[in-house]
Amino acid sequence: MAEIKQVLVPDIGDYKGVSVIEVMVKVGDTISAEDTLLTLETDKAAMDVPSPFGGIVKELHVEIGDKVSQGSLILVLEASETATPETTPATPVAAANAAPVAAPVAAQAPVAMAVPAQPSSSGGLAHASPAIRRFARELGVDISRVTGSGEKGRVTRDDVQNFVKAALAQPRSAVIGNGLQVQEMPVFDFAKYGAIETQSLSRIQKISGANLHRNWVTIPHVTQFDEADITDLEAFRKQLGAEYAKQDLKITPLAFMLKAVVAALQKFPKFNASLDGENLILKQYFHIGVAVDTPDGLMVPVLRDVDKKGIVQLARELAEISARARDKKITANDMQGGCFTISSLGGIGGTAFTPIINAPEVAILGVSRSTLKPVYQDGAFVPRLMLPLSVSYDHRVIDGAAAARFTTYLAQVLSDIRRLAL
Ligand code: CAO
């Protein structure tokens with residue numbers, strides 16, 4: 001017949017009024033002999049208190065924060081089994097932390113001592129009780145990677161469980177491409193350091209973020225920088241802009257860049273290509289994607305057959321498609337089939353940036369803000385409007401020399417747009 005037993009705090013040496021920092025059981029739990037009931041912490045060490053009996057917890061008399069001493073009542077148990085001396089040796093977890101080891105006494109459990117903080121494999125310090133360490137081990141969790149939310153940064157059972165939940169919620173793409181494995185990001189508790197607000201990412205951010213991440217880690221990127229002298233282009237653009245302002249059409253430098261990029265792609269066909277295993281697919285059409293900043297995130301609609309269109313038509317299409325992107329009226333089809341992408345931050349500012357290739361394309365042009373600069377020409381400094389260009393390219397397909405030639409040519413075309421007619 002089941003016997004009701006009291007479980008008391010065992011001999012914990014000279015310590016009195018020791019803090020309960022963890023309670024592993026609750027009323028109604030069925031436990032086995034040796035299951036950890038509590039973790040106690042002195043100023044020197046943490047210690048687990050295992051149960052001397054198996055059975056059902058009927059009453060619980062301690063909670064986190066309580067101070068206990070030898071003989072304090074922990075719980076009342078409907079006992080079904082008793083630990084044998086062989087199965088309940090008091091185990092000092094760290095010899096260096098030699099602590100009083102309790103002898104099993106009637107209705108009292110032995111305690112096992114833990115080093116307050118042990119160096120982890122990664123060199124950091126993990127602060128956790130033996131029971132939590134065991135729990136983490138059973139789940140295959142490297143405890144040094146778990147951020148502790150308990151007192152003094154102690155790792156609790158909940159922390160380990162949350163760590164596992166977060167790991168399971170990670171997309172399976174943690175292992176990507178041809179087996180490249182990336183280290184998982186640890187879970188941080190930012191609220192520990194100050195007030196925070198949590199905002200969920202937009203649908204577009206989630207999709208584009210995953211694509212950008214894949215492209216960034218799987219494509220060997222190199223970025224080539226240059227400047228184009230667009231003084232003459234700008235004069236012409238302003239003249240054209242004034243003419244079309246009546247039609248409410250804005251002609252920005254981007255329309256010219258679309259044409260200039262196509263001229264460069266025609267001269268350097270490897271930039272208008274995609275990798276297909278060990279083959280290169282060279283495209284004979286010129287569909288150019290344009291990165292558009294929308295309130296919900298980045299979108300890249302594609303302008304088709306840019307080689308067959310003039311500056312004014314491209315300016316019109318650019319205005320129309322970027323407005324549709326911002327109004328969420330873009331379709332999946334609008335964003336497919338691109339050969340090369342332009343990301344222009346020129347309307348905002350900046351001197352240079354390194355754009356991420358929009359796979360399966362092999363190169364992308366980043367455009368920053370043009371500024372007037374003194375340029376040495378024919379024995380004197382003259383003010384010229386200089387446009388910064390950044391071409392990121394896939395080094396598996398494009399050599400550095402080819403990238404330099406492409407970018408130089410692009411700058412030449414922008415500097416002298418008569419070349420667009422060639
Ligand atoms: N240098 C100087 N001025 C420039 C410029 C440049 N390179 N490019 C544009 N401008 C000027 C335009 O002439 C325009 O001037 P006015 O207001 O005096 O007419 C102003 O900047 C604003 O231009 P715009 O941004 O409205 O138009 P755009 O054709 O240059 O660009 C679009 C259109 C859709 C590309 C742009 O609005 C946009 O979304 N850019 C952000 C793209 C982005 O986020 N890229 C990052 C991707 S990687 O995270």
# chains A, B, ... in the order shown; residues from 1 in each chain; ligands from 1
$ residues_around --residues "Lys267 (chain A)" --least-positions-apart "6" --cutoff "12 Å" --atoms "only C-alpha atoms" --output "list in words"
Ala260, Val261, Gln284, Ala402, Arg405, Phe406, Thr407, Thr408, Tyr409, Leu410, Val413, Arg419, Leu420 and Leu422 of chain A
$ residues_around --residues "Val302 (chain A)" --least-positions-apart "4" --cutoff "12 Å" --atoms "only C-alpha atoms" --output "PyMOL selection string"
chain A and resi 258+286-292+306+314+317-318+320-322+325+330-343+358
$ select_by_dssp --residues "region 257-352 of chain A" --states "alpha helix (DSSP H)" --output "list in words"
Met257, Leu258, Lys259, Ala260, Val261, Val262, Ala263, Ala264, Leu265, Gln266, Lys267, Ile311, Val312, Gln313, Leu314, Ala315, Arg316, Glu317, Leu318, Ala319, Glu320, Ile321, Ser322, Ala323, Arg324, Ala325 and Arg326 of chain A
$ select_by_dssp --residues "region 135-221 of chain A" --states "strand (DSSP E)" --output "count of residues only"
5
$ closest_residue --among "A:Asp35, A:Glu63, A:Asp399, A:Asp29" --to "Phe268 (chain A)" --atoms "only C-alpha atoms"
A:Asp399
$ closest_residue --among "A:Arg324, A:Lys58, A:Lys67, A:Lys192" --to "Ala79 (chain A)" --atoms "only C-alpha atoms"
A:Lys58
$ residues_around --residues "region 193-207 of chain A" --least-positions-apart "3" --cutoff "8 Å" --atoms "only C-alpha atoms" --output "number ranges by chain"
A: 190, 210-211, 296-299
$ write_last_selection --atoms "N, CA, C and O atoms" --output "PDB file, in the first residue's frame"
ATOM      1  N   PHE A 190      16.655  40.354 -25.158  1.00  0.00           N
ATOM      2  CA  PHE A 190      17.007  41.775 -25.184  1.00  0.00           C
ATOM      3  C   PHE A 190      16.334  42.544 -24.051  1.00  0.00           C
ATOM      4  O   PHE A 190      16.836  43.570 -23.608  1.00  0.00           O
ATOM      5  N   ALA A 210      15.011  35.729 -46.874  1.00  0.00           N
ATOM      6  CA  ALA A 210      15.511  34.360 -47.086  1.00  0.00           C
ATOM      7  C   ALA A 210      16.299  34.283 -48.398  1.00  0.00           C
ATOM      8  O   ALA A 210      17.360  33.649 -48.465  1.00  0.00           O
ATOM      9  N   ASN A 211      15.795  34.954 -49.431  1.00  0.00           N
ATOM     10  CA  ASN A 211      16.497  34.931 -50.727  1.00  0.00           C
ATOM     11  C   ASN A 211      17.833  35.671 -50.647  1.00  0.00           C
ATOM     12  O   ASN A 211      18.849  35.188 -51.155  1.00  0.00           O
ATOM     13  N   ASP A 296       6.454  47.986 -47.296  1.00  0.00           N
ATOM     14  CA  ASP A 296       6.478  46.604 -46.794  1.00  0.00           C
ATOM     15  C   ASP A 296       7.795  45.896 -47.038  1.00  0.00           C
ATOM     16  O   ASP A 296       7.939  44.722 -46.692  1.00  0.00           O
ATOM     17  N   GLY A 297       8.747  46.566 -47.682  1.00  0.00           N
ATOM     18  CA  GLY A 297      10.032  45.920 -47.943  1.00  0.00           C
ATOM     19  C   GLY A 297      10.428  46.064 -49.400  1.00  0.00           C
ATOM     20  O   GLY A 297       9.733  46.698 -50.203  1.00  0.00           O
ATOM     21  N   LEU A 298      11.540  45.432 -49.705  1.00  0.00           N
ATOM     22  CA  LEU A 298      12.147  45.561 -51.027  1.00  0.00           C
ATOM     23  C   LEU A 298      11.441  44.674 -52.060  1.00  0.00           C
ATOM     24  O   LEU A 298      11.188  43.498 -51.798  1.00  0.00           O
ATOM     25  N   MET A 299      11.126  45.258 -53.245  1.00  0.00           N
ATOM     26  CA  MET A 299      10.561  44.459 -54.344  1.00  0.00           C
ATOM     27  C   MET A 299      11.373  44.749 -55.596  1.00  0.00           C
ATOM     28  O   MET A 299      11.907  45.842 -55.740  1.00  0.00           O
TER      29      MET A 299
END
$ closest_atom_pairs --of "chain A" --to "ligand 1" --cutoff "7 Å" --atoms "only C-alpha atoms and all ligand atoms" --output "CSV"
residue,atom,partner,partner_atom_place_in_ligand_line,distance
A:Lys250,CA,ligand 1,19 (O),6.6
A:Thr252,CA,ligand 1,13 (O),4.3
A:Pro253,CA,ligand 1,8 (N),5.5
A:Leu254,CA,ligand 1,29 (O),4.9
A:Ala255,CA,ligand 1,29 (O),6.9
A:Val290,CA,ligand 1,35 (C),6.1
A:Ala291,CA,ligand 1,42 (C),4.8
A:Val292,CA,ligand 1,39 (O),3.6
A:Asp293,CA,ligand 1,39 (O),3.8
A:Thr294,CA,ligand 1,39 (O),6.8
A:Leu298,CA,ligand 1,44 (O),6.2
A:Ser322,CA,ligand 1,34 (C),5.1
A:Ser343,CA,ligand 1,45 (N),4.5
A:Ser344,CA,ligand 1,42 (C),5.0
A:Leu345,CA,ligand 1,41 (C),4.9
A:Gly346,CA,ligand 1,7 (N),3.3
A:Gly347,CA,ligand 1,21 (O),3.2
A:Ile348,CA,ligand 1,21 (O),6.6
A:Pro355,CA,ligand 1,48 (S),5.7
A:Ile356,CA,ligand 1,48 (S),6.9
A:Val367,CA,ligand 1,7 (N),5.8
A:Ser368,CA,ligand 1,7 (N),5.1
A:Arg369,CA,ligand 1,1 (N),3.5
A:Ser370,CA,ligand 1,1 (N),3.9
A:Leu387,CA,ligand 1,7 (N),6.2
$ write_last_selection --atoms "N, CA and C atoms" --output "PDB file, in the first residue's frame"
ATOM      1  N   LYS A 250       8.264  62.265 -64.809  1.00  0.00           N
ATOM      2  CA  LYS A 250       9.572  62.599 -64.244  1.00  0.00           C
ATOM      3  C   LYS A 250      10.628  61.738 -64.942  1.00  0.00           C
ATOM      4  N   THR A 252      14.187  60.571 -64.475  1.00  0.00           N
ATOM      5  CA  THR A 252      15.284  60.547 -63.500  1.00  0.00           C
ATOM      6  C   THR A 252      16.502  59.886 -64.170  1.00  0.00           C
ATOM      7  N   PRO A 253      17.667  59.981 -63.528  1.00  0.00           N
ATOM      8  CA  PRO A 253      18.863  59.360 -64.124  1.00  0.00           C
ATOM      9  C   PRO A 253      18.692  57.858 -64.366  1.00  0.00           C
ATOM     10  N   LEU A 254      17.757  57.243 -63.636  1.00  0.00           N
ATOM     11  CA  LEU A 254      17.617  55.782 -63.735  1.00  0.00           C
ATOM     12  C   LEU A 254      17.229  55.308 -65.137  1.00  0.00           C
ATOM     13  N   ALA A 255      16.427  56.097 -65.834  1.00  0.00           N
ATOM     14  CA  ALA A 255      16.020  55.703 -67.188  1.00  0.00           C
ATOM     15  C   ALA A 255      17.261  55.600 -68.085  1.00  0.00           C
ATOM     16  N   VAL A 290      14.502  46.324 -61.293  1.00  0.00           N
ATOM     17  CA  VAL A 290      14.813  47.574 -60.577  1.00  0.00           C
ATOM     18  C   VAL A 290      14.346  47.413 -59.132  1.00  0.00           C
ATOM     19  N   ALA A 291      15.280  47.569 -58.197  1.00  0.00           N
ATOM     20  CA  ALA A 291      14.912  47.435 -56.770  1.00  0.00           C
ATOM     21  C   ALA A 291      14.063  48.632 -56.365  1.00  0.00           C
ATOM     22  N   VAL A 292      12.905  48.350 -55.801  1.00  0.00           N
ATOM     23  CA  VAL A 292      11.995  49.425 -55.372  1.00  0.00           C
ATOM     24  C   VAL A 292      11.768  49.303 -53.868  1.00  0.00           C
ATOM     25  N   ASP A 293      11.963  50.414 -53.217  1.00  0.00           N
ATOM     26  CA  ASP A 293      11.781  50.479 -51.754  1.00  0.00           C
ATOM     27  C   ASP A 293      10.295  50.724 -51.483  1.00  0.00           C
ATOM     28  N   THR A 294       9.613  49.771 -50.850  1.00  0.00           N
ATOM     29  CA  THR A 294       8.186  49.957 -50.538  1.00  0.00           C
ATOM     30  C   THR A 294       8.013  49.925 -49.016  1.00  0.00           C
ATOM     31  N   LEU A 298      11.540  45.432 -49.705  1.00  0.00           N
ATOM     32  CA  LEU A 298      12.147  45.561 -51.027  1.00  0.00           C
ATOM     33  C   LEU A 298      11.441  44.674 -52.060  1.00  0.00           C
ATOM     34  N   SER A 322       6.970  51.144 -60.386  1.00  0.00           N
ATOM     35  CA  SER A 322       7.345  51.388 -58.988  1.00  0.00           C
ATOM     36  C   SER A 322       6.130  51.848 -58.179  1.00  0.00           C
ATOM     37  N   SER A 343      20.015  48.618 -58.526  1.00  0.00           N
ATOM     38  CA  SER A 343      19.527  49.092 -57.230  1.00  0.00           C
ATOM     39  C   SER A 343      20.012  50.519 -57.066  1.00  0.00           C
ATOM     40  N   SER A 344      19.100  51.484 -57.185  1.00  0.00           N
ATOM     41  CA  SER A 344      19.494  52.887 -57.128  1.00  0.00           C
ATOM     42  C   SER A 344      19.108  53.522 -55.803  1.00  0.00           C
ATOM     43  N   LEU A 345      20.111  53.933 -55.076  1.00  0.00           N
ATOM     44  CA  LEU A 345      19.867  54.673 -53.828  1.00  0.00           C
ATOM     45  C   LEU A 345      20.218  56.138 -54.023  1.00  0.00           C
ATOM     46  N   GLY A 346      20.415  56.518 -55.301  1.00  0.00           N
ATOM     47  CA  GLY A 346      20.848  57.877 -55.630  1.00  0.00           C
ATOM     48  C   GLY A 346      19.879  58.948 -55.184  1.00  0.00           C
ATOM     49  N   GLY A 347      18.585  58.621 -55.184  1.00  0.00           N
ATOM     50  CA  GLY A 347      17.594  59.599 -54.748  1.00  0.00           C
ATOM     51  C   GLY A 347      17.678  59.849 -53.246  1.00  0.00           C
ATOM     52  N   ILE A 348      18.353  58.971 -52.533  1.00  0.00           N
ATOM     53  CA  ILE A 348      18.416  59.078 -51.063  1.00  0.00           C
ATOM     54  C   ILE A 348      19.774  59.635 -50.621  1.00  0.00           C
ATOM     55  N   PRO A 355      25.796  45.942 -53.351  1.00  0.00           N
ATOM     56  CA  PRO A 355      24.511  45.261 -53.521  1.00  0.00           C
ATOM     57  C   PRO A 355      24.676  43.736 -53.592  1.00  0.00           C
ATOM     58  N   ILE A 356      23.638  43.036 -53.157  1.00  0.00           N
ATOM     59  CA  ILE A 356      23.658  41.559 -53.191  1.00  0.00           C
ATOM     60  C   ILE A 356      23.045  41.087 -54.510  1.00  0.00           C
ATOM     61  N   VAL A 367      23.730  52.046 -57.545  1.00  0.00           N
ATOM     62  CA  VAL A 367      23.976  53.441 -57.932  1.00  0.00           C
ATOM     63  C   VAL A 367      23.789  54.326 -56.710  1.00  0.00           C
ATOM     64  N   SER A 368      24.784  55.157 -56.430  1.00  0.00           N
ATOM     65  CA  SER A 368      24.677  56.077 -55.289  1.00  0.00           C
ATOM     66  C   SER A 368      24.459  57.500 -55.810  1.00  0.00           C
ATOM     67  N   ARG A 369      24.511  58.469 -54.927  1.00  0.00           N
ATOM     68  CA  ARG A 369      24.120  59.839 -55.294  1.00  0.00           C
ATOM     69  C   ARG A 369      25.245  60.575 -56.028  1.00  0.00           C
ATOM     70  N   SER A 370      24.894  61.219 -57.121  1.00  0.00           N
ATOM     71  CA  SER A 370      25.903  61.986 -57.865  1.00  0.00           C
ATOM     72  C   SER A 370      26.242  63.268 -57.095  1.00  0.00           C
ATOM     73  N   LEU A 387      28.950  60.292 -60.779  1.00  0.00           N
ATOM     74  CA  LEU A 387      27.964  59.316 -60.307  1.00  0.00           C
ATOM     75  C   LEU A 387      28.684  58.048 -59.824  1.00  0.00           C
TER      76      LEU A 387
END
